[in-house]
file structure.cif (mmCIF, C-alpha atoms and all ligand atoms; chains and numbers go by the auth columns)
data_run
loop_
_atom_site.group_PDB
_atom_site.id
_atom_site.type_symbol
_atom_site.label_atom_id
_atom_site.label_comp_id
_atom_site.label_asym_id
_atom_site.label_seq_id
_atom_site.Cartn_x
_atom_site.Cartn_y
_atom_site.Cartn_z
_atom_site.B_iso_or_equiv
_atom_site.auth_seq_id
_atom_site.auth_asym_id
ATOM 1 C CA MET A 1 0.000 0.000 0.000 0.00 1 U
ATOM 2 C CA ALA A 2 1.860 3.038 -1.230 0.00 2 U
ATOM 3 C CA ARG A 3 1.571 6.299 0.631 0.00 3 U
ATOM 4 C CA PRO A 4 2.304 9.699 -0.776 0.00 4 U
ATOM 5 C CA ALA A 5 5.537 11.155 0.561 0.00 5 U
ATOM 6 C CA ASP A 6 3.732 14.022 2.214 0.00 6 U
ATOM 7 C CA ASP A 7 1.246 11.824 4.064 0.00 7 U
ATOM 8 C CA PRO A 8 1.475 13.021 7.684 0.00 8 U
ATOM 9 C CA GLY A 9 0.182 9.725 9.007 0.00 9 U
ATOM 10 C CA VAL A 10 -2.121 9.063 11.937 0.00 10 U
ATOM 11 C CA PRO A 11 -2.164 11.834 14.577 0.00 11 U
ATOM 12 C CA LEU A 12 0.048 11.054 17.567 0.00 12 U
ATOM 13 C CA ASP A 13 -2.929 11.483 19.860 0.00 13 U
ATOM 14 C CA HIS A 14 -4.429 8.303 18.421 0.00 14 U
ATOM 15 C CA TYR A 15 -1.592 6.204 19.871 0.00 15 U
ATOM 16 C CA ARG A 16 -2.348 7.325 23.423 0.00 16 U
ATOM 17 C CA GLN A 17 -4.943 4.575 23.538 0.00 17 U
ATOM 18 C CA HIS A 18 -2.182 2.005 23.102 0.00 18 U
ATOM 19 C CA ALA A 19 -0.430 1.733 26.460 0.00 19 U
ATOM 20 C CA GLY A 20 3.308 1.919 26.137 0.00 20 U
ATOM 21 C CA CYS A 21 3.221 2.813 22.477 0.00 21 U
ATOM 22 C CA GLY A 22 6.108 4.936 21.314 0.00 22 U
ATOM 23 C CA VAL A 23 7.513 6.374 18.142 0.00 23 U
ATOM 24 C CA ARG A 24 10.185 4.423 16.307 0.00 24 U
ATOM 25 C CA PHE A 25 12.781 6.480 14.528 0.00 25 U
ATOM 26 C CA CYS A 26 14.395 4.543 11.731 0.00 26 U
ATOM 27 C CA CYS A 27 17.419 5.843 9.858 0.00 27 U
ATOM 28 C CA GLN A 28 16.793 5.181 6.196 0.00 28 U
ATOM 29 C CA ALA A 29 20.486 5.448 5.464 0.00 29 U
ATOM 30 C CA CYS A 30 21.802 2.741 7.784 0.00 30 U
ATOM 31 C CA ALA A 31 18.700 1.102 9.299 0.00 31 U
ATOM 32 C CA TRP A 32 19.570 2.176 12.861 0.00 32 U
ATOM 33 C CA SER A 33 16.453 2.658 14.906 0.00 33 U
ATOM 34 C CA ALA A 34 15.315 3.681 18.344 0.00 34 U
ATOM 35 C CA ASP A 35 12.019 3.963 20.133 0.00 35 U
ATOM 36 C CA VAL A 36 11.058 7.164 21.890 0.00 36 U
ATOM 37 C CA ALA A 37 8.167 7.456 24.327 0.00 37 U
ATOM 38 C CA LEU A 38 5.062 8.928 22.732 0.00 38 U
ATOM 39 C CA GLU A 39 4.630 11.628 25.344 0.00 39 U
ATOM 40 C CA ALA A 40 8.286 12.620 25.040 0.00 40 U
ATOM 41 C CA VAL A 41 7.836 13.142 21.320 0.00 41 U
ATOM 42 C CA ILE A 42 4.670 15.201 21.789 0.00 42 U
ATOM 43 C CA ALA A 43 6.263 17.266 24.559 0.00 43 U
ATOM 44 C CA ARG A 44 9.242 18.041 22.400 0.00 44 U
ATOM 45 C CA LEU A 45 7.095 19.076 19.443 0.00 45 U
ATOM 46 C CA GLU A 46 5.120 21.416 21.684 0.00 46 U
ATOM 47 C CA ARG A 47 8.221 22.810 23.337 0.00 47 U
ATOM 48 C CA ARG A 48 9.778 23.604 19.989 0.00 48 U
ATOM 49 C CA ARG A 49 6.441 24.761 18.567 0.00 49 U
ATOM 50 C CA LEU A 50 6.751 22.367 15.712 0.00 50 U
ATOM 51 C CA GLY A 51 3.540 20.534 16.394 0.00 51 U
ATOM 52 C CA ASP A 52 1.468 18.804 19.026 0.00 52 U
ATOM 53 C CA ALA A 53 -0.585 15.687 19.610 0.00 53 U
ATOM 54 C CA ARG A 54 -2.384 16.307 16.316 0.00 54 U
ATOM 55 C CA THR A 55 0.844 16.012 14.364 0.00 55 U
ATOM 56 C CA GLY A 56 0.890 12.922 12.187 0.00 56 U
ATOM 57 C CA ILE A 57 3.319 10.213 13.182 0.00 57 U
ATOM 58 C CA ARG A 58 4.983 10.172 9.781 0.00 58 U
ATOM 59 C CA ALA A 59 5.354 13.944 9.823 0.00 59 U
ATOM 60 C CA VAL A 60 7.498 13.665 12.959 0.00 60 U
ATOM 61 C CA ALA A 61 10.358 12.374 10.824 0.00 61 U
ATOM 62 C CA ARG A 62 10.460 15.611 8.865 0.00 62 U
ATOM 63 C CA LEU A 63 10.520 17.634 12.076 0.00 63 U
ATOM 64 C CA SER A 64 13.542 15.854 13.468 0.00 64 U
ATOM 65 C CA HIS A 65 16.767 17.482 12.405 0.00 65 U
ATOM 66 C CA ARG A 66 18.981 15.436 14.604 0.00 66 U
ATOM 67 C CA PRO A 67 21.625 13.378 12.805 0.00 67 U
ATOM 68 C CA CYS A 68 21.704 9.627 13.136 0.00 68 U
ATOM 69 C CA PRO A 69 24.159 8.697 15.918 0.00 69 U
ATOM 70 C CA ARG A 70 25.528 5.865 13.803 0.00 70 U
ATOM 71 C CA CYS A 71 25.939 7.311 10.327 0.00 71 U
ATOM 72 C CA GLY A 72 25.207 11.020 10.695 0.00 72 U
ATOM 73 C CA ALA A 73 22.458 11.107 8.096 0.00 73 U
ATOM 74 C CA GLN A 74 19.201 12.957 8.633 0.00 74 U
ATOM 75 C CA ALA A 75 16.937 10.551 6.850 0.00 75 U
ATOM 76 C CA TRP A 76 14.388 9.538 9.420 0.00 76 U
ATOM 77 C CA GLU A 77 11.291 7.518 8.958 0.00 77 U
ATOM 78 C CA THR A 78 8.878 7.319 11.858 0.00 78 U
ATOM 79 C CA ARG A 79 6.272 4.736 12.650 0.00 79 U
ATOM 80 C CA PRO A 80 4.392 3.570 15.725 0.00 80 U
ATOM 81 C CA ALA A 81 6.342 1.300 18.046 0.00 81 U
ATOM 82 C CA PHE A 82 3.899 -0.966 19.793 0.00 82 U
ATOM 83 C CA PRO A 83 5.099 -2.644 22.963 0.00 83 U
ATOM 84 C CA PRO A 84 5.678 -6.381 22.911 0.00 84 U
ATOM 85 C CA GLY A 85 3.175 -8.676 24.584 0.00 85 U
ATOM 86 C CA PRO A 86 3.059 -9.508 28.301 0.00 86 U
ATOM 87 C CA SER A 87 5.241 -12.584 27.850 0.00 87 U
ATOM 88 C CA THR A 88 8.162 -10.333 27.050 0.00 88 U
ATOM 89 C CA ALA A 89 7.664 -7.924 29.938 0.00 89 U
ATOM 90 C CA ASN A 90 11.321 -8.220 30.886 0.00 90 U
ATOM 91 C CA ALA A 91 12.366 -7.373 27.383 0.00 91 U
ATOM 92 C CA THR A 92 10.117 -4.330 27.532 0.00 92 U
ATOM 93 C CA LYS A 93 11.813 -3.209 30.682 0.00 93 U
ATOM 94 C CA ALA A 94 15.259 -3.599 29.201 0.00 94 U
ATOM 95 C CA ARG A 95 14.129 -1.857 26.072 0.00 95 U
ATOM 96 C CA SER A 96 12.828 1.096 28.040 0.00 96 U
ATOM 97 C CA VAL A 97 16.394 2.166 28.694 0.00 97 U
ATOM 98 C CA PRO A 98 16.686 4.957 26.177 0.00 98 U
ATOM 99 C CA LEU A 99 19.007 4.131 23.334 0.00 99 U
ATOM 100 C CA TYR A 100 18.493 7.522 21.891 0.00 100 U
ATOM 101 C CA SER A 101 17.158 10.620 23.492 0.00 101 U
ATOM 102 C CA PHE A 102 14.951 12.709 21.308 0.00 102 U
ATOM 103 C CA ASP A 103 15.689 15.633 23.555 0.00 103 U
ATOM 104 C CA GLU A 104 18.519 17.939 22.720 0.00 104 U
ATOM 105 C CA PRO A 105 20.427 19.855 25.384 0.00 105 U
ATOM 106 C CA ASN A 106 19.467 23.463 25.450 0.00 106 U
HETATM 107 ZN ZN ZN B . 22.038 6.100 10.138 0.00 1 O
#
call {"tool": "encode", "arguments": {"input": "structure.cif", "output": "structure tokens"}}
result
Amino acid sequence: MARPADDPGVPLDHYRQHAGCGVRFCCQACAWSADVALEAVIARLERRRLGDARTGIRAVARLSHRPCPRCGAQAWETRPAFPPGPSTANATKARSVPLYSFDEPN
């Protein structure tokens, strides 16, 4: 199912109904990825006045100007990151350690 490049995606607010859902940032240059908590993404958009909970999840990629920590590219793709099932609760906990902070130092 092809999407137009400018499709903003589903509003972030929609994912609030999925407990533990985050935003996965995928580097299209090297395939590095990291999950960021949904509320952290929304808070950052609001703080920088780039958007809010109505911002589409795919549009978030275009609003992130942070280079990839692995390859330095700025070629993000964003998609919802649903938490794994209850049987992998320990994995969820380990995964919650932030690999990548979406926040930049001021
Ligand atoms: Zn990369």
call {"tool": "resolve_selection", "arguments": {"input": "structure.cif", "expression": "the PyMOL selection byres (((chain U and resi 63) around 12) and not hetatm)", "output": "PyMOL selection string"}}
result
chain U and resi 8+25+41-42+44-46+48-52+55-62+64-67+74-78+102
call {"tool": "atom_distance", "arguments": {"input": "structure.cif", "atom1": "CA of Arg70 in chain U", "atom2": "CA of Ala43 in chain U"}}
result
24.8 Å
call {"tool": "residues_near_ligand", "arguments": {"input": "structure.cif", "ligand": "ligand ZN 1 (chain O)", "cutoff": "9 Å", "atoms": "only C-alpha atoms and all ligand atoms", "output": "list in words"}}
result
Cys26, Cys27, Gln28, Ala29, Cys30, Ala31, Trp32, Ser33, Pro67, Cys68, Pro69, Arg70, Cys71, Gly72, Ala73, Gln74, Ala75 and Trp76 of chain U
call {"tool": "resolve_selection", "arguments": {"input": "structure.cif", "expression": "the PyMOL selection byres (((chain U and resi 12) around 7) and not hetatm)", "output": "PDB file with C-alpha atoms, in the coordinates of the input"}}
result
ATOM      1  CA  VAL U  10      -2.121   9.063  11.937  1.00  0.00           C
ATOM      2  CA  PRO U  11      -2.164  11.834  14.577  1.00  0.00           C
ATOM      3  CA  ASP U  13      -2.929  11.483  19.860  1.00  0.00           C
ATOM      4  CA  HIS U  14      -4.429   8.303  18.421  1.00  0.00           C
ATOM      5  CA  TYR U  15      -1.592   6.204  19.871  1.00  0.00           C
ATOM      6  CA  ALA U  53      -0.585  15.687  19.610  1.00  0.00           C
ATOM      7  CA  ARG U  54      -2.384  16.307  16.316  1.00  0.00           C
ATOM      8  CA  THR U  55       0.844  16.012  14.364  1.00  0.00           C
ATOM      9  CA  GLY U  56       0.890  12.922  12.187  1.00  0.00           C
ATOM     10  CA  ILE U  57       3.319  10.213  13.182  1.00  0.00           C
TER      11      ILE U  57
END
call {"tool": "atom_distance", "arguments": {"input": "structure.cif", "atom1": "CA of Ala37 in chain U", "atom2": "CA of Asp6 in chain U"}}
result
23.5 Å
call {"tool": "residues_around", "arguments": {"input": "structure.cif", "residues": "Val23 in chain U", "least_positions_apart": "6", "cutoff": "6 Å", "atoms": "only C-alpha atoms", "output": "MDAnalysis selection string"}}
result
chainID U and resid 35:36 38 79:81
call {"tool": "residues_around", "arguments": {"input": "structure.cif", "residues": "Pro83 in chain U", "least_positions_apart": "4", "cutoff": "9 Å", "atoms": "all atoms listed in the file", "output": "list in words"}}
result
His18, Ala19, Gly20, Cys21, Gly22 and Thr92 of chain U
call {"tool": "write_last_selection", "arguments": {"input": "structure.cif", "atoms": "C-alpha atoms", "output": "short mmCIF file (atom, residue, chain, number, x, y, z; two decimals), keeping the file's coordinate frame"}}
result
data_model
loop_
_atom_site.label_atom_id
_atom_site.label_comp_id
_atom_site.auth_asym_id
_atom_site.auth_seq_id
_atom_site.Cartn_x
_atom_site.Cartn_y
_atom_site.Cartn_z
CA HIS U 18 -2.18 2.00 23.10
CA ALA U 19 -0.43 1.73 26.46
CA GLY U 20 3.31 1.92 26.14
CA CYS U 21 3.22 2.81 22.48
CA GLY U 22 6.11 4.94 21.31
CA THR U 92 10.12 -4.33 27.53
#
